[in-house]
file my_file_32.txt (compact mmCIF, C-alpha atoms and all ligand atoms)
# COMPACT_ATOMS: atom_id res chain seq x y z
CA MET A 1 5.89 -19.16 -8.60
CA CYS A 2 2.56 -20.58 -7.66
CA THR A 3 0.36 -20.32 -10.72
CA THR A 4 -2.74 -21.63 -9.04
CA CYS A 5 -3.55 -19.42 -6.11
CA GLY A 6 -1.98 -16.16 -7.24
CA CYS A 7 -0.21 -15.84 -3.94
CA GLY A 8 2.74 -13.50 -4.05
CA ILE A 9 4.59 -14.33 -0.88
CA GLY A 10 8.28 -15.10 -1.16
CA GLN A 11 8.57 -14.14 -4.80
CA THR A 12 9.77 -10.61 -4.42
CA LEU A 13 13.03 -9.85 -6.19
CA ILE A 14 15.18 -6.77 -5.87
CA ALA A 15 17.47 -6.37 -8.86
CA GLY A 16 16.89 -10.06 -9.53
CA HIS A 17 17.78 -11.29 -6.03
CA ALA A 18 15.34 -12.65 -3.49
CA LEU A 19 14.17 -10.15 -0.90
CA LYS A 20 15.60 -10.87 2.53
CA GLN A 21 12.66 -11.64 4.79
CA PRO A 22 12.23 -9.47 7.87
CA ARG A 23 12.70 -12.31 10.38
CA LYS A 24 15.11 -12.61 13.23
CA PRO A 25 17.81 -15.27 12.85
CA GLY A 26 16.97 -18.52 14.57
CA GLU A 27 13.26 -18.16 14.01
CA VAL A 28 11.63 -21.02 12.21
CA MET A 29 10.38 -20.35 8.72
CA ARG A 30 6.73 -21.13 8.90
CA TYR A 31 6.42 -22.30 5.33
CA ARG A 32 7.46 -25.38 3.48
CA VAL A 33 9.03 -25.40 0.05
CA HIS A 34 6.84 -26.43 -2.85
CA GLU A 35 7.26 -30.11 -3.73
CA ASP A 36 8.75 -29.25 -7.09
CA GLY A 37 11.27 -27.04 -5.31
CA ALA A 38 10.05 -24.26 -7.55
CA ALA A 39 12.30 -21.27 -7.87
CA LEU A 40 12.75 -19.14 -4.80
CA ALA A 41 10.97 -21.50 -2.51
CA HIS A 42 7.39 -20.50 -2.93
CA PRO A 43 7.03 -20.91 0.74
CA HIS A 44 3.98 -22.98 1.46
CA THR A 45 2.05 -26.02 0.39
CA HIS A 46 -1.66 -25.89 0.06
CA GLN A 47 -4.70 -27.26 -1.64
CA HIS A 48 -6.57 -25.16 -4.11
CA ASN A 49 -10.25 -25.14 -3.62
CA GLY A 50 -11.00 -21.78 -5.15
CA LEU A 51 -11.42 -18.48 -3.44
CA ASN A 52 -14.88 -19.06 -2.16
CA GLY A 53 -14.49 -22.76 -1.49
CA VAL A 54 -14.21 -24.52 1.82
CA PHE A 55 -10.57 -24.54 2.75
CA ASN A 56 -8.61 -26.27 5.39
CA GLY A 57 -11.23 -26.20 8.06
CA ALA A 58 -11.61 -22.45 8.30
CA LEU A 59 -15.30 -22.73 7.72
CA ASP A 60 -15.63 -25.80 9.95
CA PHE A 61 -14.05 -23.92 12.77
CA GLY A 62 -15.96 -20.78 12.00
CA THR A 63 -19.38 -22.21 12.64
CA GLY A 64 -19.55 -21.36 16.32
CA ALA A 65 -21.89 -18.52 17.15
CA ALA A 66 -20.22 -15.14 17.10
CA GLY A 67 -19.52 -13.81 20.55
CA THR A 68 -18.75 -17.21 22.08
CA HIS A 69 -15.25 -16.13 22.79
CA ALA A 70 -15.21 -16.74 26.49
CA PRO A 71 -12.24 -18.86 27.55
CA GLY A 72 -13.17 -22.53 27.63
CA ILE A 73 -12.22 -25.15 30.19
CA SER A 74 -8.69 -25.45 28.79
CA GLN A 75 -5.95 -23.04 29.83
CA SER A 76 -6.85 -20.81 26.92
CA ARG A 77 -7.00 -17.12 27.62
CA MET A 78 -7.95 -13.93 25.83
CA ILE A 79 -5.40 -11.32 24.87
CA LYS A 80 -6.30 -7.80 23.83
CA ILE A 81 -4.22 -6.69 20.86
CA GLU A 82 -5.85 -3.61 19.33
CA ARG A 83 -3.20 -3.16 16.66
CA ASP A 84 -3.57 -1.86 13.17
CA ILE A 85 -2.95 -4.68 10.70
CA LEU A 86 -0.64 -2.40 8.74
CA SER A 87 1.30 -1.29 11.80
CA LYS A 88 4.37 -3.28 10.73
CA ASN A 89 4.35 -1.64 7.33
CA ASN A 90 3.81 1.72 8.98
CA ASP A 91 6.86 1.14 11.22
CA TYR A 92 9.04 0.44 8.19
CA ALA A 93 7.55 3.46 6.43
CA ALA A 94 8.44 5.63 9.42
CA GLU A 95 12.06 4.42 9.20
CA ASN A 96 12.17 5.29 5.50
CA ARG A 97 10.63 8.71 6.18
CA ASP A 98 13.23 9.30 8.84
CA THR A 99 16.03 8.54 6.39
CA PHE A 100 14.48 10.92 3.85
CA SER A 101 14.18 13.76 6.30
CA THR A 102 17.69 13.45 7.75
CA HIS A 103 19.21 13.41 4.28
CA GLY A 104 16.98 15.98 2.64
CA ILE A 105 15.57 13.50 0.15
CA PHE A 106 12.28 14.34 -1.56
CA ALA A 107 10.49 11.03 -2.20
CA LEU A 108 7.44 10.54 -4.40
CA ASN A 109 5.29 7.43 -4.78
CA LEU A 110 3.77 7.30 -8.27
CA VAL A 111 0.64 5.24 -8.61
CA SER A 112 -1.73 4.52 -11.49
CA SER A 113 -3.32 1.82 -13.61
CA PRO A 114 -0.93 0.00 -15.92
CA GLY A 115 -0.17 1.99 -19.05
CA SER A 116 -1.15 5.48 -17.92
CA GLY A 117 2.38 6.67 -18.59
CA LYS A 118 4.35 6.52 -15.33
CA THR A 119 7.60 5.29 -16.84
CA THR A 120 7.38 7.64 -19.81
CA LEU A 121 6.81 10.57 -17.45
CA LEU A 122 9.76 9.51 -15.31
CA VAL A 123 12.03 9.26 -18.34
CA LYS A 124 11.04 12.77 -19.47
CA THR A 125 11.37 14.13 -15.93
CA ILE A 126 14.87 12.70 -15.53
CA ALA A 127 15.94 14.11 -18.89
CA ALA A 128 14.59 17.56 -17.96
CA LEU A 129 16.24 17.61 -14.52
CA HIS A 130 19.53 16.18 -15.74
CA GLY A 131 22.47 17.86 -14.04
CA THR A 132 20.36 19.92 -11.61
CA LEU A 133 20.14 17.42 -8.76
CA PRO A 134 20.83 13.74 -8.03
CA ILE A 135 17.88 11.49 -8.91
CA ALA A 136 17.31 7.83 -8.13
CA VAL A 137 14.41 5.60 -9.10
CA ILE A 138 12.82 2.51 -7.60
CA GLU A 139 10.74 0.61 -10.13
CA GLY A 140 7.99 -1.75 -9.01
CA ASP A 141 6.59 -4.27 -11.47
CA GLN A 142 5.28 -7.78 -11.16
CA GLN A 143 7.74 -9.07 -13.77
CA THR A 144 10.66 -7.89 -15.93
CA ASP A 145 13.46 -5.36 -15.60
CA ASN A 146 12.26 -3.34 -18.61
CA ASP A 147 11.22 -0.18 -16.81
CA ALA A 148 14.43 0.07 -14.75
CA ALA A 149 16.37 -0.36 -18.00
CA ARG A 150 14.39 2.52 -19.55
CA ILE A 151 15.24 4.71 -16.56
CA ARG A 152 18.94 3.84 -16.65
CA ALA A 153 19.02 4.66 -20.33
CA ALA A 154 17.61 8.06 -19.37
CA GLY A 155 20.58 8.61 -17.07
CA ALA A 156 19.45 7.86 -13.51
CA PRO A 157 20.36 4.93 -11.26
CA ALA A 158 17.36 2.61 -10.98
CA LEU A 159 16.59 -0.50 -9.02
CA GLN A 160 13.88 -2.91 -10.09
CA ILE A 161 11.67 -4.61 -7.53
CA ASN A 162 9.68 -7.51 -8.99
CA THR A 163 6.76 -8.32 -6.77
CA GLY A 164 5.81 -11.54 -8.58
CA LYS A 165 2.09 -11.79 -8.13
CA GLY A 166 2.17 -9.14 -5.43
CA CYS A 167 0.14 -6.13 -6.40
CA HIS A 168 1.95 -3.31 -4.60
CA LEU A 169 5.25 -2.21 -3.10
CA ASP A 170 5.52 -2.16 0.67
CA ALA A 171 7.73 -0.11 2.94
CA TYR A 172 10.04 -3.00 3.78
CA MET A 173 10.85 -3.67 0.10
CA VAL A 174 11.51 0.01 -0.45
CA GLY A 175 13.76 0.19 2.62
CA GLN A 176 15.85 -2.69 1.27
CA ALA A 177 16.02 -1.10 -2.16
CA MET A 178 17.08 2.25 -0.63
CA GLN A 179 20.10 0.60 0.99
CA GLN A 180 21.21 -0.87 -2.32
CA LEU A 181 20.72 2.39 -4.20
CA HIS A 182 23.12 4.42 -1.99
CA LEU A 183 20.89 7.47 -2.00
CA GLN A 184 22.61 10.84 -2.00
CA ASN A 185 21.96 13.78 0.28
CA HIS A 186 19.57 16.43 -1.08
CA SER A 187 18.30 14.21 -3.86
CA LEU A 188 15.04 13.23 -5.50
CA LEU A 189 13.74 9.67 -5.16
CA LEU A 190 11.01 8.61 -7.56
CA ILE A 191 9.21 5.38 -6.78
CA GLU A 192 7.08 3.88 -9.54
CA ASN A 193 4.59 1.59 -7.85
CA VAL A 194 3.06 -1.50 -9.41
CA GLY A 195 0.30 -0.57 -11.86
CA ASN A 196 -2.80 -0.95 -9.70
CA LEU A 197 -5.27 1.61 -8.37
CA VAL A 198 -6.39 -0.37 -5.33
CA CYS A 199 -3.72 -1.91 -3.14
CA PRO A 200 -0.92 0.69 -3.23
CA ALA A 201 -3.33 3.12 -1.55
CA SER A 202 -3.06 1.21 1.73
CA PHE A 203 0.71 0.90 1.89
CA ASP A 204 2.66 3.91 3.07
CA LEU A 205 6.23 3.75 1.76
CA GLY A 206 7.48 6.75 3.70
CA GLU A 207 7.08 9.09 0.73
CA ALA A 208 6.39 12.82 0.97
CA HIS A 209 3.46 12.52 -1.45
CA LYS A 210 1.55 10.00 -3.44
CA VAL A 211 1.12 11.18 -7.01
CA VAL A 212 -1.73 9.55 -8.91
CA ILE A 213 -1.56 9.48 -12.69
CA LEU A 214 -4.77 9.28 -14.67
CA SER A 215 -4.58 9.26 -18.45
CA VAL A 216 -7.25 10.61 -20.73
CA THR A 217 -7.57 7.24 -22.45
CA GLU A 218 -9.16 5.89 -19.26
CA GLY A 219 -12.69 6.68 -18.08
CA GLU A 220 -13.53 10.03 -16.47
CA ASP A 221 -15.19 8.19 -13.63
CA LYS A 222 -12.07 6.30 -12.56
CA PRO A 223 -11.78 8.46 -9.42
CA LEU A 224 -15.25 7.30 -8.41
CA LYS A 225 -14.46 3.68 -9.15
CA TYR A 226 -11.15 3.72 -7.28
CA PRO A 227 -11.76 6.40 -4.66
CA ASP A 228 -9.18 5.23 -2.12
CA MET A 229 -6.27 6.07 -4.36
CA PHE A 230 -7.56 9.55 -5.15
CA ARG A 231 -8.26 10.13 -1.48
CA VAL A 232 -4.69 9.42 -0.38
CA ALA A 233 -2.93 11.25 -3.24
CA ASP A 234 -1.83 14.89 -2.98
CA LEU A 235 -1.28 15.47 -6.68
CA MET A 236 -3.01 14.12 -9.76
CA LEU A 237 -1.27 14.23 -13.13
CA LEU A 238 -3.83 14.07 -15.90
CA ASN A 239 -1.60 12.56 -18.57
CA LYS A 240 -1.77 12.11 -22.34
CA CYS A 241 -3.52 15.47 -22.75
CA ASP A 242 -2.06 15.61 -26.28
CA LEU A 243 -4.74 13.07 -27.19
CA LEU A 244 -7.69 15.17 -25.96
CA PRO A 245 -8.62 16.51 -29.43
CA TYR A 246 -9.13 12.95 -30.65
CA LEU A 247 -11.17 11.66 -27.73
CA GLU A 248 -14.54 12.15 -26.09
CA PHE A 249 -12.84 12.43 -22.70
CA ASP A 250 -14.25 15.28 -20.55
CA ALA A 251 -11.25 16.56 -18.59
CA GLU A 252 -13.32 18.95 -16.45
CA LEU A 253 -15.56 16.11 -15.36
CA ALA A 254 -12.62 13.85 -14.49
CA VAL A 255 -11.11 16.59 -12.31
CA ASP A 256 -14.49 17.29 -10.75
CA TYR A 257 -14.92 13.60 -9.84
CA ALA A 258 -11.43 13.45 -8.37
CA ARG A 259 -12.08 16.55 -6.24
CA ARG A 260 -15.32 15.06 -4.95
CA ILE A 261 -13.20 12.36 -3.39
CA ASN A 262 -10.41 14.71 -2.36
CA PRO A 263 -11.24 18.44 -2.40
CA LYS A 264 -7.59 19.37 -1.69
CA LEU A 265 -6.18 17.40 -4.63
CA LYS A 266 -3.81 19.43 -6.80
CA VAL A 267 -4.17 18.70 -10.52
CA ILE A 268 -1.69 19.23 -13.35
CA ARG A 269 -2.69 18.53 -16.94
CA ILE A 270 0.28 17.08 -18.67
CA SER A 271 1.53 15.22 -21.69
CA ALA A 272 4.70 13.20 -21.45
CA THR A 273 4.78 13.13 -25.24
CA SER A 274 4.22 16.79 -26.16
CA GLY A 275 5.72 18.29 -23.01
CA GLU A 276 2.57 20.25 -22.14
CA GLY A 277 2.37 20.85 -18.38
CA MET A 278 5.92 19.64 -17.78
CA THR A 279 7.11 23.00 -16.45
CA GLU A 280 4.43 23.08 -13.78
CA TRP A 281 5.26 19.51 -12.73
CA LEU A 282 9.01 20.26 -12.62
CA ASP A 283 8.38 23.41 -10.57
CA TRP A 284 6.30 21.40 -8.13
CA ILE A 285 9.15 18.89 -7.76
CA ALA A 286 11.75 21.65 -7.37
CA GLU A 287 9.74 23.24 -4.58
CA GLY A 288 9.42 19.91 -2.79
CA CYS A 289 13.17 19.32 -3.05
CA ARG A 290 13.94 22.80 -1.70
CA ASN A 291 11.61 22.25 1.25
CA ALA A 292 13.19 18.88 2.02
CA VAL A 293 16.62 20.52 2.14
CA THR A 294 15.57 23.51 4.26
CA ALA A 295 13.88 21.18 6.74
CA VAL A 296 17.22 19.40 7.29
CA LYS A 297 19.08 22.68 7.77
CA ARG A 298 16.49 23.92 10.23
CA SER A 299 16.62 20.79 12.35
CA ALA A 300 20.43 20.93 12.31
CA GLU A 301 20.50 24.49 13.69
CA PRO A 302 21.54 24.65 17.34
CA LYS A 303 18.50 24.97 19.56
CA ILE A 304 18.34 28.15 21.62
CA LEU A 305 17.58 27.21 25.19
CA LEU A 306 15.30 29.51 27.08
CA GLU A 307 15.45 29.00 30.79
CA MET B 1 -4.53 -9.96 -3.79
CA HIS B 2 -3.53 -7.51 -1.14
CA GLU B 3 -5.38 -9.62 1.41
CA MET B 4 -2.31 -11.87 1.23
CA SER B 5 -0.03 -9.18 2.63
CA LEU B 6 -2.65 -8.24 5.20
CA ALA B 7 -2.74 -11.86 6.40
CA GLU B 8 1.08 -11.81 6.52
CA ASN B 9 0.91 -8.71 8.69
CA VAL B 10 -1.62 -10.34 10.98
CA LEU B 11 0.76 -13.26 11.48
CA GLN B 12 3.63 -10.91 12.27
CA ILE B 13 1.54 -9.24 14.95
CA ILE B 14 0.59 -12.65 16.38
CA GLU B 15 4.23 -13.79 16.44
CA ASP B 16 5.41 -10.52 18.00
CA THR B 17 2.93 -10.81 20.85
CA ALA B 18 3.70 -14.51 21.30
CA HIS B 19 7.23 -13.57 22.39
CA LYS B 20 5.99 -11.02 24.89
CA GLN B 21 2.98 -12.91 26.22
CA GLY B 22 4.38 -16.43 26.13
CA TYR B 23 1.74 -18.43 24.30
CA THR B 24 2.37 -21.30 21.93
CA ARG B 25 -0.95 -21.75 20.19
CA VAL B 26 -3.55 -19.39 18.85
CA LYS B 27 -7.09 -20.75 18.74
CA THR B 28 -9.08 -17.74 17.57
CA VAL B 29 -8.23 -14.45 15.92
CA TRP B 30 -10.62 -11.50 15.96
CA LEU B 31 -10.19 -8.91 13.25
CA GLU B 32 -12.09 -5.70 12.81
CA ILE B 33 -12.39 -4.73 9.16
CA GLY B 34 -14.25 -1.62 8.11
CA GLN B 35 -16.58 -1.77 5.15
CA LEU B 36 -14.61 1.04 3.48
CA ALA B 37 -11.27 -0.74 3.97
CA CYS B 38 -11.28 -2.36 0.54
CA VAL B 39 -10.93 -5.89 1.90
CA GLU B 40 -12.86 -8.88 0.55
CA GLN B 41 -13.86 -11.11 3.44
CA ALA B 42 -13.83 -14.33 1.38
CA SER B 43 -10.40 -13.51 0.06
CA MET B 44 -9.16 -12.58 3.53
CA ARG B 45 -10.33 -15.94 4.93
CA PHE B 46 -8.63 -17.79 2.10
CA CYS B 47 -5.35 -15.94 2.57
CA PHE B 48 -5.50 -16.18 6.35
CA ASP B 49 -5.74 -19.90 6.05
CA LEU B 50 -2.75 -20.17 3.72
CA VAL B 51 -0.55 -17.86 5.72
CA MET B 52 -1.29 -19.39 9.12
CA ARG B 53 -0.22 -22.89 8.01
CA ASP B 54 2.76 -24.23 9.93
CA SER B 55 2.61 -21.28 12.30
CA ILE B 56 1.44 -21.13 15.91
CA ALA B 57 -1.91 -20.07 14.50
CA HIS B 58 -2.52 -23.00 12.17
CA GLU B 59 -6.12 -24.07 12.36
CA ALA B 60 -6.97 -20.87 14.17
CA ARG B 61 -10.54 -19.78 13.77
CA LEU B 62 -10.96 -16.39 12.13
CA GLU B 63 -13.70 -14.06 13.31
CA ILE B 64 -14.25 -10.86 11.37
CA THR B 65 -16.29 -7.98 12.72
CA ASP B 66 -17.17 -5.48 10.06
CA THR B 67 -17.82 -1.91 11.00
CA ALA B 68 -20.07 0.30 8.92
CA GLY B 69 -18.78 3.34 7.06
CA GLN B 70 -19.29 6.60 8.90
CA GLY B 71 -18.64 10.12 7.64
CA ARG B 72 -18.87 13.75 8.60
CA CYS B 73 -19.71 16.56 6.22
CA ALA B 74 -17.01 19.25 6.19
CA GLN B 75 -19.57 21.87 5.13
CA CYS B 76 -22.52 21.36 7.46
CA SER B 77 -20.91 19.04 10.03
CA ILE B 78 -23.62 16.39 10.12
CA GLU B 79 -22.64 12.77 10.77
CA MET B 80 -23.95 10.18 8.35
CA PRO B 81 -23.53 6.52 7.44
CA ILE B 82 -21.64 6.14 4.16
CA ALA B 83 -21.54 3.12 1.87
CA ALA B 84 -19.04 4.55 -0.62
CA LEU B 85 -16.48 7.34 -0.68
CA TYR B 86 -18.09 9.35 -3.48
CA GLU B 87 -21.51 9.92 -1.94
CA ALA B 88 -22.82 13.43 -1.42
CA CYS B 89 -24.01 14.84 1.91
CA PRO B 90 -27.74 14.05 2.20
CA LYS B 91 -28.34 17.47 3.79
CA CYS B 92 -26.29 19.99 1.79
CA GLY B 93 -25.09 18.01 -1.25
CA SER B 94 -21.39 18.63 -0.60
CA TYR B 95 -18.92 15.93 -1.53
CA GLU B 96 -16.50 17.00 1.12
CA ILE B 97 -17.10 14.07 3.42
CA GLN B 98 -14.46 13.05 5.95
CA VAL B 99 -14.37 9.38 6.82
CA THR B 100 -14.76 9.01 10.58
CA GLY B 101 -15.20 5.24 10.75
CA GLY B 102 -15.35 2.08 8.72
CA ASP B 103 -11.86 2.23 7.21
CA GLU B 104 -10.11 0.40 10.03
CA MET B 105 -8.20 -2.88 9.78
CA ARG B 106 -7.25 -4.07 13.23
CA VAL B 107 -6.28 -7.19 15.11
CA LYS B 108 -8.60 -6.88 18.12
CA GLU B 109 -8.12 -9.93 20.25
CA LEU B 110 -6.69 -13.43 20.38
CA GLU B 111 -7.71 -16.58 22.15
CA VAL B 112 -4.47 -18.37 23.02
CA GLU B 113 -3.04 -21.13 25.14
N1 LIG C 1 -0.07 9.94 -26.54
C1 LIG C 1 0.58 9.77 -25.39
N2 LIG C 1 1.05 8.54 -25.09
C2 LIG C 1 1.71 8.39 -23.91
C3 LIG C 1 1.93 9.46 -23.01
N3 LIG C 1 2.59 9.00 -21.93
C4 LIG C 1 2.78 7.69 -22.15
N4 LIG C 1 2.26 7.31 -23.35
C5 LIG C 1 2.26 5.95 -23.92
O1 LIG C 1 1.52 5.08 -23.09
C6 LIG C 1 2.07 3.78 -23.09
C7 LIG C 1 2.33 3.28 -21.67
O2 LIG C 1 3.30 4.10 -21.05
P1 LIG C 1 4.19 3.64 -19.82
O3 LIG C 1 5.05 4.81 -19.47
O4 LIG C 1 4.89 2.36 -20.10
O5 LIG C 1 3.07 3.41 -18.71
P2 LIG C 1 3.18 2.82 -17.22
O6 LIG C 1 2.68 1.41 -17.31
O7 LIG C 1 2.28 3.67 -16.40
O8 LIG C 1 4.61 2.91 -16.80
C8 LIG C 1 3.33 3.86 -23.92
O9 LIG C 1 3.04 3.38 -25.20
C9 LIG C 1 3.65 5.34 -23.94
O10 LIG C 1 4.34 5.73 -25.10
C10 LIG C 1 1.42 10.77 -23.40
O11 LIG C 1 1.54 11.78 -22.69
N5 LIG C 1 0.75 10.85 -24.58
MG MG C 2 5.93 1.43 -15.97
ZN ZN C 3 -23.41 18.70 4.43

call {"tool": "encode", "arguments": {"input": "my_file_32.txt", "output": "structure tokens"}}
result
Amino acid sequence: MCTTCGCGIGQTLIAGHALKQPRKPGEVMRYRVHEDGAALAHPHTHQHNGLNGVFNGALDFGTGAAGTHAPGISQSRMIKIERDILSKNNDYAAENRDTFSTHGIFALNLVSSPGSGKTTLLVKTIAALHGTLPIAVIEGDQQTDNDAARIRAAGAPALQINTGKGCHLDAYMVGQAMQQLHLQNHSLLLIENVGNLVCPASFDLGEAHKVVILSVTEGEDKPLKYPDMFRVADLMLLNKCDLLPYLEFDAELAVDYARRINPKLKVIRISATSGEGMTEWLDWIAEGCRNAVTAVKRSAEPKILLE
Amino acid sequence: MHEMSLAENVLQIIEDTAHKQGYTRVKTVWLEIGQLACVEQASMRFCFDLVMRDSIAHEARLEITDTAGQGRCAQCSIEMPIAALYEACPKCGSYEIQVTGGDEMRVKELEVE
């Protein structure tokens, strides 16, 4: 792992094994291995000049006036691309979504700051749903297998993705993890994203819904500080409500802020510890699972042809 | 550091088009990054540089166009510039503002040979 630049490329592990890179065989790897041959081939060499420093000529080359992009005297030419930078991720997400819909799998992407209670909620959810439907979990964390171990102890198969310094899961990682998990038809897939309220907002994993968890030990204004996440979520779980009597936290205000960003946001007040709000959350999941299954049945029905 | 994965994605797009369009070197890359897209330009330049090393785009010049945030009030339908997602409508005070521009992240154009 590169400890200097914080770069996360090439460090992703699924269940402890390096993530297979999405390249075609025969293509040249464009990175070199670190001199020290550091674990998992941190795949490039570079100088560290600091984030805002001058690096490798980028600024030297960038000094030309903007708009001077007419082809020069060489054979250089201009190519229009007009592609979304995340289009690759979106393609992988579409594949995942396709798998979910053909197999009637209800997939949720749980996002929050570290420590707001995602794993605890998952453990309680798995315990409550035990025996009613198959559940699988994908755990995203920068390091350690701890959370996947907690989930397995609760009785559901879980696969850990370690993103190294990477700050979010992407659709490719999840697709790889799905293959290893052997997902069952008509099941529930819970994906715990890396604790981070910024980056996971941009990366579609193919899920039915993003669920954002805000705990009452954080600030009420978190939705205003991290609006992107609250904008892309469909459900907010306001967790640790058992602590409200001991705190200054204004729950109404937090919900109001979140709805400023996203007026359609559904909110459930919950406590993983006391069980408050669990029934509403479990009902919401059950409805999603039913809909995922009926959608499969409907698309499998023979189409009536009207000539 | 999600600029790192964005830079990775940019390179994938460049390599994909290289196959189809038959170029071997990229001299300039034009990105369009909206001001609401949550991307730090300095960080993007840093990551771009790291990721492009040893690729057909090493030493490529990066040009970033940033587009201003634009929104539309769901209540009174006026269009307005927006600097942040939590601002109220200047006309009616509603917070129900739909983003209509400034959240894009696109590879626009390449100069290649
Ligand atoms: N009081 C209280 N503590 C909670 C609740 N949910 C989680 N916690 C605690 O919050 C801490 C972080 O929880 P964890 O599930 O690991 O958070 P994660 O990082 O989001 O997965 C742990 O000490 C939990 O016991 C809750 O509803 N109430
Ligand atoms: Mg956790
Ligand atoms: Zn208005």

call {"tool": "interface_residues", "arguments": {"input": "my_file_32.txt", "of": "chain B", "to": "chain A", "cutoff": "8 Å", "atoms": "all atoms listed in the file", "output": "ChimeraX atom specification"}}
result
/B:1-2,4-6,9-10,12-13,38,42-43,45-46,49-50,53-55,59-63,85-86,95-96,104-113

call {"tool": "closest_residue", "arguments": {"input": "my_file_32.txt", "among": "A:Asp141, A:Glu95, A:Asp256, A:Asp242", "to": "ligand LIG 1 (chain C)", "atoms": "only C-alpha atoms and all ligand atoms"}}
result
A:Asp242

call {"tool": "residues_near_ligand", "arguments": {"input": "my_file_32.txt", "ligand": "ligand MG 2 (chain C)", "cutoff": "12 Å", "atoms": "all atoms listed in the file", "output": "number ranges by chain"}}
result
A: 110-123, 137-151, 160-162, 191-196, 213

call {"tool": "atom_distance", "arguments": {"input": "my_file_32.txt", "atom1": "atom CA of B:Ile56", "atom2": "atom CA of A:Lys20"}}
result
22.0 Å

call {"tool": "residues_around", "arguments": {"input": "my_file_32.txt", "residues": "stretch 73-84 of chain B", "least_positions_apart": "6", "cutoff": "8 Å", "atoms": "only C-alpha atoms", "output": "ChimeraX atom specification"}}
result
/B:35-36,91-92,94-98

call {"tool": "decode", "arguments": {"input": "my_file_32.txt", "residues": "stretch 261-265 of chain A", "atoms": "all heavy atoms", "output": "PDB file, in the first residue's frame"}}
result
ATOM      1  N   ILE A 261     -33.128  19.030   0.987  1.00  0.00           N
ATOM      2  CA  ILE A 261     -32.287  18.505  -0.083  1.00  0.00           C
ATOM      3  C   ILE A 261     -33.098  17.565  -0.967  1.00  0.00           C
ATOM      4  O   ILE A 261     -32.953  17.539  -2.180  1.00  0.00           O
ATOM      5  CB  ILE A 261     -31.091  17.710   0.512  1.00  0.00           C
ATOM      6  CG1 ILE A 261     -30.301  18.556   1.492  1.00  0.00           C
ATOM      7  CG2 ILE A 261     -30.200  17.144  -0.579  1.00  0.00           C
ATOM      8  CD1 ILE A 261     -29.678  19.782   0.916  1.00  0.00           C
ATOM      9  N   ASN A 262     -33.964  16.786  -0.335  1.00  0.00           N
ATOM     10  CA  ASN A 262     -34.684  15.738  -1.049  1.00  0.00           C
ATOM     11  C   ASN A 262     -36.101  15.627  -0.492  1.00  0.00           C
ATOM     12  O   ASN A 262     -36.358  14.871   0.440  1.00  0.00           O
ATOM     13  CB  ASN A 262     -33.924  14.417  -0.861  1.00  0.00           C
ATOM     14  CG  ASN A 262     -34.587  13.261  -1.570  1.00  0.00           C
ATOM     15  OD1 ASN A 262     -35.672  13.393  -2.135  1.00  0.00           O
ATOM     16  ND2 ASN A 262     -33.936  12.120  -1.531  1.00  0.00           N
ATOM     17  N   PRO A 263     -37.039  16.402  -1.064  1.00  0.00           N
ATOM     18  CA  PRO A 263     -38.400  16.450  -0.525  1.00  0.00           C
ATOM     19  C   PRO A 263     -39.096  15.089  -0.504  1.00  0.00           C
ATOM     20  O   PRO A 263     -40.025  14.890   0.270  1.00  0.00           O
ATOM     21  CB  PRO A 263     -39.125  17.396  -1.482  1.00  0.00           C
ATOM     22  CG  PRO A 263     -38.046  18.195  -2.136  1.00  0.00           C
ATOM     23  CD  PRO A 263     -36.849  17.308  -2.208  1.00  0.00           C
ATOM     24  N   LYS A 264     -38.659  14.146  -1.338  1.00  0.00           N
ATOM     25  CA  LYS A 264     -39.335  12.836  -1.399  1.00  0.00           C
ATOM     26  C   LYS A 264     -38.719  11.812  -0.447  1.00  0.00           C
ATOM     27  O   LYS A 264     -39.151  10.661  -0.399  1.00  0.00           O
ATOM     28  CB  LYS A 264     -39.275  12.282  -2.819  1.00  0.00           C
ATOM     29  CG  LYS A 264     -40.042  13.125  -3.822  1.00  0.00           C
ATOM     30  CD  LYS A 264     -40.122  12.415  -5.169  1.00  0.00           C
ATOM     31  CE  LYS A 264     -40.669  13.347  -6.231  1.00  0.00           C
ATOM     32  NZ  LYS A 264     -39.680  14.395  -6.600  1.00  0.00           N
ATOM     33  N   LEU A 265     -37.717  12.212   0.318  1.00  0.00           N
ATOM     34  CA  LEU A 265     -37.010  11.276   1.186  1.00  0.00           C
ATOM     35  C   LEU A 265     -37.939  10.684   2.245  1.00  0.00           C
ATOM     36  O   LEU A 265     -38.615  11.406   2.964  1.00  0.00           O
ATOM     37  CB  LEU A 265     -35.844  12.007   1.873  1.00  0.00           C
ATOM     38  CG  LEU A 265     -34.876  11.157   2.686  1.00  0.00           C
ATOM     39  CD1 LEU A 265     -34.071  10.248   1.764  1.00  0.00           C
ATOM     40  CD2 LEU A 265     -33.922  12.066   3.470  1.00  0.00           C
TER      41      LEU A 265
END
